[in-house]
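K.L.:
Sharing a structure, written as structure tokens. Questions coming.
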Amino acid sequence: MSGQFRENVQDILAVLPSTDDYFLLRWLRARSFDLKKSEAMLRKHMKFRKQQDLDNILAWQPSEVVRLYEPSGFCGHDREGSPVWYHIIRGLDLKGLLLSVSKQELLRFNFWSLELLLRDCEQQSQKLGKKVEKISTVFDFEGLSLRHLWKPGVELVQEFFSALEANYPEILKNLIVVKAPKLFPVAFNLIKPYITEETRRKVLILGGNWKQELLKFISPDQLPVEFGGTMTDPDGNPKCLTKINYGGDVPQHYFLRNHVRVQYDHQATVGRGSSLQVDNEILFPGCVLRWQFGSDGGDIGFGVFLKTKMGERQRAAEMTEVLASQRYNAHMVPEDGSLTCTEAGVYVLRFDNTYSLIHPKHISYTVEVLLPDQTSLEKIENSRQASRLPHPPLWPLGPQ
């Protein structure tokens with residue numbers, strides 16, 4: 001079949017990054033060996049390669065803020081010789097990065113990283129005398145918080161995974177998750193629609209004994225001390241800072257703008273001396289309520305409340321205050337926020353203009369309820385329980 005596929009794409013073979021059977025098989029496997037779909041996918045990728053100038057991307061240098069604050073890095077090889085790509089979530093300041101550079105540069109940085117990793121695969125193939133074509137990834141989710149669920153930031157991650165699936169098929173060996181907190185199932189549910197079932201099966205959530213479990217994939221001398229191995233920087237640093245960037249909050253002097261332009265789902269007018277209530281029913285604890293809003297005509301008050309009586313409008317004083325109401329200069333800088341709902345019920349987003357007896361306010365807003373992925377929720381709980389056992393198992397996330 002690969003011979004027929006090679007014949008079908010004969011006209012572009014000369015400009016492909018590789019022409020060996022391993023490369024062509026990636027596209028066939030990604031489309032279940034459907035020749036027409038595989039060909040269409042590869043031809044679309046060639047347009048993407050040209051658009052992103054991938055043939056020359058290794059000569060590109062990201063800007064200083066991206067080099068310093070994009071928390072990731074390539075460090076060592078797994079037991080089969082594949083490069084390992086680390087991502088440090090606690091150091092990821094998506095809002096700071098998107099206020100400092102374009103979304104396109106952040107995407108390009110990740111494509112640049114992928115091309116570096118693929119070049120290392122080629123070097124490893126020559127060194128080891130066997131084909132190395134896949135990448136291992138380690139995601140350290142310690143410190144995952146509501147700020148990481150900021151909508152423009154999540155949309156950037158979604159766009160990257162879409163591009164990864166479309167243009168780098170079959171290169172991920174596994175996605176190893178360590179230190180997954182309770183919020184992880186919500187975050188994973190936002191990404192899940194953008195990755196294939198095959199990729200979902202490669203997600204492995206390690207439990208409390210994750211350092212010991214990582215050693216099944218990566219030998220100690222190839223694993224930083226920070227992650228349970230023996231590798232250090234030349235100066236003895238256990239985090240291997242020369243290879244892995246741990247990121248951090250982006251300093252404001254890098255900011256090129258004071259807000260990221262967003263699209264809103266709803267518009268409304270809050271009359272003078274009145275308020276607007278937006279109800280959101282939460283069916284079970286652990287969901288995340290996420291919002292963005294801007295105002296026109298002046299500032300606007302905003303707070304979140306939990307109804308104490310169902311089926312009727314309640315005044316603010318009659319409801320349970322969840323997020324204290326305060327006035328926001330949303331006519332100058334759009335506001336965004338989120339909260340984890342600790343109980344079921346009807347949560348009310350209340351836009352308050354009762355203090356303005358002269359001017360109505362025009363608002364634009366988006367509100368969403370983010371649900372946790374039930375499978376990963378169960379896997380995390382199982383991993384926590386299993387970590388107390390002598391030999392805890394690994395928990396892959398199958399297709400959902």
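Scheme for the structure tokens: letters A, B, ... for chains in order shown; per-chain residue numbers from 1; ligand numbers from 1 in order shown.
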DSSP on the backbone, helix (DSSP H, G or I) only: what residues of segment 153-389 of chain A does that give? Format it as JSON, numbers by chain.
P.N.:
{"A": [153, 154, 155, 156, 157, 158, 159, 160, 161, 162, 163, 164, 165, 166, 167, 184, 185, 186, 187, 188, 189, 190, 191, 192, 193, 194, 197, 198, 199, 200, 201, 210, 211, 212, 213, 214, 220, 221, 222, 225, 226, 227, 252, 253, 254, 316, 317, 318, 374, 375, 376, 377, 378, 379, 380, 381, 382, 383, 384, 385, 386]}
K.L.:
Find the nearest atom pair between each residue of segment 180-250 of chain A and segment 73-76 of chain A for residues within 6 Å, count only C-alpha atoms, give distances in Å to one decimal, sort rows by chain and ascending number, and present the table as a Markdown table.
P.N.:
```
| residue | atom | partner | partner_atom | distance |
| --- | --- | --- | --- | --- |
| A:Gln222 | CA | A:Gly76 | CA | 4.8 |
| A:Lys243 | CA | A:Cys75 | CA | 5.6 |
| A:Ile244 | CA | A:Gly73 | CA | 4.2 |
| A:Asn245 | CA | A:Gly73 | CA | 5.9 |
```
K.L.:
Determine, for each residue of segment 104-222 of chain A having at least one atom at most 12 Å from an atom of segment 364-369 of chain A, the closest pair of atoms and their separation in Å to one decimal, counting only C-alpha atoms; order by chain and ascending number, as CSV.
P.N.:
```
residue,atom,partner,partner_atom,distance
A:Leu149,CA,A:Glu368,CA,11.3
A:Trp150,CA,A:Glu368,CA,11.4
A:Lys151,CA,A:Glu368,CA,9.8
A:Val186,CA,A:Val369,CA,10.1
A:Asn189,CA,A:Val369,CA,11.6
A:Leu190,CA,A:Val369,CA,11.0
```
K.L.:
Using all heavy atoms, can you write the selected residues to a file as a PDB file, in the first residue's frame?
P.N.:
```
ATOM      1  N   LEU A 149      -7.123  28.476  32.572  1.00  0.00           N
ATOM      2  CA  LEU A 149      -8.339  28.230  31.791  1.00  0.00           C
ATOM      3  C   LEU A 149      -8.854  29.497  31.114  1.00  0.00           C
ATOM      4  O   LEU A 149      -9.955  29.510  30.578  1.00  0.00           O
ATOM      5  CB  LEU A 149      -9.436  27.643  32.697  1.00  0.00           C
ATOM      6  CG  LEU A 149      -9.081  26.350  33.430  1.00  0.00           C
ATOM      7  CD1 LEU A 149     -10.307  25.803  34.150  1.00  0.00           C
ATOM      8  CD2 LEU A 149      -8.515  25.305  32.477  1.00  0.00           C
ATOM      9  N   TRP A 150      -8.048  30.555  31.150  1.00  0.00           N
ATOM     10  CA  TRP A 150      -8.384  31.804  30.453  1.00  0.00           C
ATOM     11  C   TRP A 150      -8.669  31.503  28.980  1.00  0.00           C
ATOM     12  O   TRP A 150      -7.876  30.839  28.311  1.00  0.00           O
ATOM     13  CB  TRP A 150      -7.207  32.764  30.604  1.00  0.00           C
ATOM     14  CG  TRP A 150      -7.346  34.083  29.939  1.00  0.00           C
ATOM     15  CD1 TRP A 150      -8.327  35.010  30.123  1.00  0.00           C
ATOM     16  CD2 TRP A 150      -6.426  34.653  28.995  1.00  0.00           C
ATOM     17  NE1 TRP A 150      -8.082  36.124  29.352  1.00  0.00           N
ATOM     18  CE2 TRP A 150      -6.926  35.927  28.653  1.00  0.00           C
ATOM     19  CE3 TRP A 150      -5.236  34.206  28.419  1.00  0.00           C
ATOM     20  CZ2 TRP A 150      -6.273  36.767  27.746  1.00  0.00           C
ATOM     21  CZ3 TRP A 150      -4.587  35.030  27.523  1.00  0.00           C
ATOM     22  CH2 TRP A 150      -5.102  36.297  27.195  1.00  0.00           C
ATOM     23  N   LYS A 151      -9.809  31.955  28.500  1.00  0.00           N
ATOM     24  CA  LYS A 151     -10.300  31.493  27.199  1.00  0.00           C
ATOM     25  C   LYS A 151      -9.334  31.724  26.035  1.00  0.00           C
ATOM     26  O   LYS A 151      -9.071  30.787  25.262  1.00  0.00           O
ATOM     27  CB  LYS A 151     -11.666  32.119  26.892  1.00  0.00           C
ATOM     28  CG  LYS A 151     -12.311  31.517  25.656  1.00  0.00           C
ATOM     29  CD  LYS A 151     -13.716  32.011  25.436  1.00  0.00           C
ATOM     30  CE  LYS A 151     -14.344  31.308  24.235  1.00  0.00           C
ATOM     31  NZ  LYS A 151     -15.715  31.754  23.972  1.00  0.00           N
ATOM     32  N   VAL A 186     -11.000  19.069  34.043  1.00  0.00           N
ATOM     33  CA  VAL A 186     -11.648  20.191  33.349  1.00  0.00           C
ATOM     34  C   VAL A 186     -10.751  20.680  32.215  1.00  0.00           C
ATOM     35  O   VAL A 186     -11.212  20.901  31.088  1.00  0.00           O
ATOM     36  CB  VAL A 186     -11.961  21.334  34.336  1.00  0.00           C
ATOM     37  CG1 VAL A 186     -12.505  22.556  33.587  1.00  0.00           C
ATOM     38  CG2 VAL A 186     -12.967  20.877  35.387  1.00  0.00           C
ATOM     39  N   ASN A 189     -10.689  18.199  29.354  1.00  0.00           N
ATOM     40  CA  ASN A 189     -11.936  18.184  28.592  1.00  0.00           C
ATOM     41  C   ASN A 189     -11.977  19.298  27.549  1.00  0.00           C
ATOM     42  O   ASN A 189     -12.661  19.184  26.531  1.00  0.00           O
ATOM     43  CB  ASN A 189     -13.132  18.310  29.542  1.00  0.00           C
ATOM     44  CG  ASN A 189     -14.310  17.460  29.096  1.00  0.00           C
ATOM     45  OD1 ASN A 189     -14.157  16.488  28.371  1.00  0.00           O
ATOM     46  ND2 ASN A 189     -15.499  17.841  29.518  1.00  0.00           N
ATOM     47  N   LEU A 190     -11.253  20.393  27.802  1.00  0.00           N
ATOM     48  CA  LEU A 190     -11.188  21.496  26.835  1.00  0.00           C
ATOM     49  C   LEU A 190     -10.310  21.138  25.627  1.00  0.00           C
ATOM     50  O   LEU A 190     -10.510  21.653  24.533  1.00  0.00           O
ATOM     51  CB  LEU A 190     -10.638  22.750  27.513  1.00  0.00           C
ATOM     52  CG  LEU A 190     -11.565  23.415  28.533  1.00  0.00           C
ATOM     53  CD1 LEU A 190     -10.801  24.464  29.341  1.00  0.00           C
ATOM     54  CD2 LEU A 190     -12.766  24.046  27.841  1.00  0.00           C
TER      55      LEU A 190
END
```
K.L.:
Using only C-alpha atoms, which residues sit within 9 Å of segment 281-286 of chain A once same-chain residues fewer than 2 positions away are excluded, as an NGL selection string?
P.N.:
:A and (182-183 or 186 or 279 or 288-289 or 340-348 or 369 or 371-372)
K.L.:
Convert the current residue selection to file output with C-alpha atoms, as a PDB file, in the first residue's frame.
P.N.:
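Listing of result.pdb after writing:
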```pdb
ATOM      1  CA  LYS A 182      -8.304  18.127  40.743  1.00  0.00           C
ATOM      2  CA  LEU A 183      -8.663  20.753  37.997  1.00  0.00           C
ATOM      3  CA  VAL A 186     -11.648  20.191  33.349  1.00  0.00           C
ATOM      4  CA  ASP A 279     -28.438  32.245  35.262  1.00  0.00           C
ATOM      5  CA  VAL A 288     -15.850  25.601  36.323  1.00  0.00           C
ATOM      6  CA  LEU A 289     -17.808  28.746  35.497  1.00  0.00           C
ATOM      7  CA  THR A 340     -14.790  26.303  40.600  1.00  0.00           C
ATOM      8  CA  CYS A 341     -18.355  25.483  41.657  1.00  0.00           C
ATOM      9  CA  THR A 342     -18.151  23.596  44.939  1.00  0.00           C
ATOM     10  CA  GLU A 343     -21.847  22.656  44.921  1.00  0.00           C
ATOM     11  CA  ALA A 344     -24.674  22.158  42.454  1.00  0.00           C
ATOM     12  CA  GLY A 345     -27.259  24.876  41.921  1.00  0.00           C
ATOM     13  CA  VAL A 346     -28.073  27.957  39.868  1.00  0.00           C
ATOM     14  CA  TYR A 347     -25.176  30.413  39.780  1.00  0.00           C
ATOM     15  CA  VAL A 348     -26.099  33.974  38.826  1.00  0.00           C
ATOM     16  CA  VAL A 369     -19.724  26.063  32.050  1.00  0.00           C
ATOM     17  CA  LEU A 371     -17.247  20.217  32.632  1.00  0.00           C
ATOM     18  CA  PRO A 372     -14.604  17.797  33.934  1.00  0.00           C
TER      19      PRO A 372
END
```
K.L.:
Show me, as a VMD selection string, the residues that have an atom within 7 Å of Tyr194 of chain A when counting only C-alpha atoms, minus same-chain residues fewer than 3 positions from it.
P.N.:
chain A and resid 158 161 to 162 191
K.L.:
With N, CA, C and O atoms kept, could you save the residues just selected as a compact mmCIF listing (two decimals), in the first residue's frame?
P.N.:
```
# COMPACT_ATOMS: atom_id res chain seq x y z
N GLN A 158 -5.67 24.85 22.00
CA GLN A 158 -6.53 24.06 21.11
C GLN A 158 -6.05 24.15 19.67
O GLN A 158 -6.00 23.14 18.95
N PHE A 161 -2.90 21.98 19.20
CA PHE A 161 -3.15 20.54 19.09
C PHE A 161 -3.82 20.19 17.76
O PHE A 161 -3.55 19.12 17.20
N SER A 162 -4.67 21.07 17.26
CA SER A 162 -5.26 20.84 15.93
C SER A 162 -4.17 20.79 14.87
O SER A 162 -4.17 19.91 13.99
N ILE A 191 -9.34 20.26 25.85
CA ILE A 191 -8.40 19.89 24.78
C ILE A 191 -8.86 18.64 24.04
O ILE A 191 -8.56 18.46 22.85
```
K.L.:
Using only C-alpha atoms for the distances, tell me which of A:Gly3, A:Ser82, A:Phe23, A:Phe188 is nearest to Thr375 of chain A.
P.N.:
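When distances to Thr375 of chain A are compared using only C-alpha atoms, the smallest one comes from A:Phe188.
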K.L.:
Would you mind telling me which residue in A:Val203, A:Cys240, A:Leu256, A:Leu339 lies nearest to Ser376 of chain A when using only C-alpha atoms?
P.N.:
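Result for the nearest residue to Ser376 of chain A: A:Val203.
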K.L.:
Could you pull the residues within 12 Å of Trp27 of chain A, counting only C-alpha atoms, minus those fewer than 5 positions along the same chain, as a PDB file with N, CA and C atoms, in the first residue's frame?
P.N.:
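Result saved to selection00.pdb:
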```pdb
ATOM      1  N   MET A   1       0.821  -1.210   0.000  1.00  0.00           N
ATOM      2  CA  MET A   1       0.000   0.000   0.000  1.00  0.00           C
ATOM      3  C   MET A   1       0.856   1.261   0.000  1.00  0.00           C
ATOM      4  N   SER A   2       1.990   1.235   0.728  1.00  0.00           N
ATOM      5  CA  SER A   2       2.846   2.424   0.748  1.00  0.00           C
ATOM      6  C   SER A   2       3.419   2.700  -0.634  1.00  0.00           C
ATOM      7  N   PHE A   5       0.762   4.575  -2.481  1.00  0.00           N
ATOM      8  CA  PHE A   5       0.702   5.924  -1.922  1.00  0.00           C
ATOM      9  C   PHE A   5       1.858   6.767  -2.454  1.00  0.00           C
ATOM     10  N   ARG A   6       3.048   6.169  -2.484  1.00  0.00           N
ATOM     11  CA  ARG A   6       4.226   6.870  -3.016  1.00  0.00           C
ATOM     12  C   ARG A   6       3.981   7.300  -4.464  1.00  0.00           C
ATOM     13  N   VAL A   9       1.672  10.366  -4.767  1.00  0.00           N
ATOM     14  CA  VAL A   9       2.232  11.675  -4.392  1.00  0.00           C
ATOM     15  C   VAL A   9       3.589  11.904  -5.072  1.00  0.00           C
ATOM     16  N   THR A  19      11.431  11.040   2.367  1.00  0.00           N
ATOM     17  CA  THR A  19      10.724  10.211   1.380  1.00  0.00           C
ATOM     18  C   THR A  19      10.786   8.726   1.745  1.00  0.00           C
ATOM     19  N   ASP A  21       9.839   5.146   3.740  1.00  0.00           N
ATOM     20  CA  ASP A  21       8.550   4.511   4.010  1.00  0.00           C
ATOM     21  C   ASP A  21       8.006   4.872   5.389  1.00  0.00           C
ATOM     22  N   TYR A  22       8.900   5.078   6.353  1.00  0.00           N
ATOM     23  CA  TYR A  22       8.440   5.437   7.702  1.00  0.00           C
ATOM     24  C   TYR A  22       7.637   6.734   7.673  1.00  0.00           C
ATOM     25  N   SER A  32      -6.113   5.831   8.661  1.00  0.00           N
ATOM     26  CA  SER A  32      -6.533   4.418   8.628  1.00  0.00           C
ATOM     27  C   SER A  32      -6.307   3.786   7.266  1.00  0.00           C
ATOM     28  N   PHE A  33      -5.208   4.152   6.622  1.00  0.00           N
ATOM     29  CA  PHE A  33      -4.780   3.582   5.341  1.00  0.00           C
ATOM     30  C   PHE A  33      -5.768   3.838   4.203  1.00  0.00           C
ATOM     31  N   ASP A  34      -6.552   4.911   4.338  1.00  0.00           N
ATOM     32  CA  ASP A  34      -7.394   5.374   3.229  1.00  0.00           C
ATOM     33  C   ASP A  34      -6.498   6.222   2.318  1.00  0.00           C
ATOM     34  N   LEU A  35      -6.231   5.723   1.095  1.00  0.00           N
ATOM     35  CA  LEU A  35      -5.262   6.381   0.219  1.00  0.00           C
ATOM     36  C   LEU A  35      -5.655   7.810  -0.126  1.00  0.00           C
ATOM     37  N   LYS A  36      -6.924   8.029  -0.443  1.00  0.00           N
ATOM     38  CA  LYS A  36      -7.362   9.377  -0.835  1.00  0.00           C
ATOM     39  C   LYS A  36      -7.260  10.357   0.326  1.00  0.00           C
ATOM     40  N   LYS A  37      -7.709   9.922   1.508  1.00  0.00           N
ATOM     41  CA  LYS A  37      -7.660  10.817   2.679  1.00  0.00           C
ATOM     42  C   LYS A  37      -6.222  11.079   3.102  1.00  0.00           C
ATOM     43  N   SER A  38      -5.373  10.064   3.002  1.00  0.00           N
ATOM     44  CA  SER A  38      -3.963  10.234   3.364  1.00  0.00           C
ATOM     45  C   SER A  38      -3.273  11.199   2.413  1.00  0.00           C
ATOM     46  N   GLU A  39      -3.583  11.062   1.136  1.00  0.00           N
ATOM     47  CA  GLU A  39      -2.996  11.963   0.140  1.00  0.00           C
ATOM     48  C   GLU A  39      -3.456  13.394   0.374  1.00  0.00           C
ATOM     49  N   ALA A  40      -4.739  13.572   0.629  1.00  0.00           N
ATOM     50  CA  ALA A  40      -5.268  14.920   0.874  1.00  0.00           C
ATOM     51  C   ALA A  40      -4.618  15.540   2.107  1.00  0.00           C
ATOM     52  N   MET A  41      -4.418  14.727   3.138  1.00  0.00           N
ATOM     53  CA  MET A  41      -3.787  15.213   4.366  1.00  0.00           C
ATOM     54  C   MET A  41      -2.352  15.655   4.101  1.00  0.00           C
ATOM     55  N   LEU A  42      -1.600  14.848   3.358  1.00  0.00           N
ATOM     56  CA  LEU A  42      -0.205  15.173   3.079  1.00  0.00           C
ATOM     57  C   LEU A  42      -0.096  16.425   2.205  1.00  0.00           C
ATOM     58  N   ARG A  43      -0.961  16.539   1.211  1.00  0.00           N
ATOM     59  CA  ARG A  43      -0.913  17.717   0.326  1.00  0.00           C
ATOM     60  C   ARG A  43      -1.270  18.990   1.095  1.00  0.00           C
ATOM     61  N   LYS A  44      -2.218  18.868   2.007  1.00  0.00           N
ATOM     62  CA  LYS A  44      -2.575  20.027   2.835  1.00  0.00           C
ATOM     63  C   LYS A  44      -1.406  20.409   3.737  1.00  0.00           C
ATOM     64  N   HIS A  45      -0.692  19.390   4.232  1.00  0.00           N
ATOM     65  CA  HIS A  45       0.476  19.654   5.075  1.00  0.00           C
ATOM     66  C   HIS A  45       1.558  20.390   4.289  1.00  0.00           C
ATOM     67  N   GLU A 165      -2.043  17.532  15.193  1.00  0.00           N
ATOM     68  CA  GLU A 165      -2.705  16.345  14.629  1.00  0.00           C
ATOM     69  C   GLU A 165      -2.711  16.383  13.105  1.00  0.00           C
ATOM     70  N   ALA A 166      -2.862  17.568  12.535  1.00  0.00           N
ATOM     71  CA  ALA A 166      -2.976  17.685  11.080  1.00  0.00           C
ATOM     72  C   ALA A 166      -1.629  17.629  10.372  1.00  0.00           C
ATOM     73  N   ASN A 167      -0.558  18.040  11.067  1.00  0.00           N
ATOM     74  CA  ASN A 167       0.727  18.204  10.380  1.00  0.00           C
ATOM     75  C   ASN A 167       1.880  17.382  10.952  1.00  0.00           C
ATOM     76  N   TYR A 168       1.680  16.786  12.121  1.00  0.00           N
ATOM     77  CA  TYR A 168       2.706  15.930  12.711  1.00  0.00           C
ATOM     78  C   TYR A 168       2.071  14.626  13.199  1.00  0.00           C
ATOM     79  N   PRO A 169       1.402  13.920  12.301  1.00  0.00           N
ATOM     80  CA  PRO A 169       0.689  12.716  12.729  1.00  0.00           C
ATOM     81  C   PRO A 169       1.640  11.623  13.187  1.00  0.00           C
ATOM     82  N   GLU A 170       1.209  10.886  14.195  1.00  0.00           N
ATOM     83  CA  GLU A 170       1.915   9.667  14.615  1.00  0.00           C
ATOM     84  C   GLU A 170       3.330   9.912  15.135  1.00  0.00           C
ATOM     85  N   ILE A 171       3.627  11.137  15.621  1.00  0.00           N
ATOM     86  CA  ILE A 171       4.983  11.347  16.134  1.00  0.00           C
ATOM     87  C   ILE A 171       5.022  11.286  17.665  1.00  0.00           C
TER      88      ILE A 171
END
```
K.L.:
Report the distance between atom CA of Pro224 of chain A and atom CA of Gln124 of chain A in Å, rounded to one decimal place.
P.N.:
19.7 Å
K.L.:
Using only C-alpha atoms, which residues sit within 12 Å of segment 142-144 of chain A once same-chain residues fewer than 6 positions away are excluded, as a list in words?
P.N.:
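Close residues of segment 142-144 of chain A: His87, Ile88, Ile89, Arg90, Gly91, Leu92, Asp93, Trp150, Val177, Val178, Lys179, Ala180, Pro181, Lys182, Leu183, Phe184, Pro185, Val186, Ala187, Phe188, Tyr246 and Gly248 of chain A.
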K.L.:
Using C-alpha atoms, can you write the selected residues to a file as a PDB file, in the first residue's frame?
P.N.:
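What landed in out_6.pdb:
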```
ATOM      1  CA  HIS A  87       6.101  21.083  29.625  1.00  0.00           C
ATOM      2  CA  ILE A  88       5.965  22.882  32.994  1.00  0.00           C
ATOM      3  CA  ILE A  89       2.402  24.085  33.539  1.00  0.00           C
ATOM      4  CA  ARG A  90       2.980  26.045  36.759  1.00  0.00           C
ATOM      5  CA  GLY A  91       5.346  28.369  34.845  1.00  0.00           C
ATOM      6  CA  LEU A  92       2.914  28.980  31.983  1.00  0.00           C
ATOM      7  CA  ASP A  93       1.674  32.600  31.911  1.00  0.00           C
ATOM      8  CA  TRP A 150      -8.384  31.804  30.453  1.00  0.00           C
ATOM      9  CA  VAL A 177       1.045  13.463  33.004  1.00  0.00           C
ATOM     10  CA  VAL A 178       2.554  13.920  36.473  1.00  0.00           C
ATOM     11  CA  LYS A 179       1.164  15.742  39.533  1.00  0.00           C
ATOM     12  CA  ALA A 180      -2.324  16.103  38.005  1.00  0.00           C
ATOM     13  CA  PRO A 181      -4.518  18.193  40.359  1.00  0.00           C
ATOM     14  CA  LYS A 182      -8.304  18.127  40.743  1.00  0.00           C
ATOM     15  CA  LEU A 183      -8.663  20.753  37.997  1.00  0.00           C
ATOM     16  CA  PHE A 184      -6.917  18.551  35.407  1.00  0.00           C
ATOM     17  CA  PRO A 185     -10.123  16.792  34.193  1.00  0.00           C
ATOM     18  CA  VAL A 186     -11.648  20.191  33.349  1.00  0.00           C
ATOM     19  CA  ALA A 187      -8.526  21.302  31.473  1.00  0.00           C
ATOM     20  CA  PHE A 188      -8.283  17.974  29.627  1.00  0.00           C
ATOM     21  CA  TYR A 246      10.526  26.620  33.862  1.00  0.00           C
ATOM     22  CA  GLY A 248       7.188  32.200  35.273  1.00  0.00           C
TER      23      GLY A 248
END
```
K.L.:
May I ask for the distance between atom CA of Leu215 of chain A and atom CA of Arg119 of chain A, given in Å to one decimal place?
P.N.:
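So the answer is 24.6 Å.
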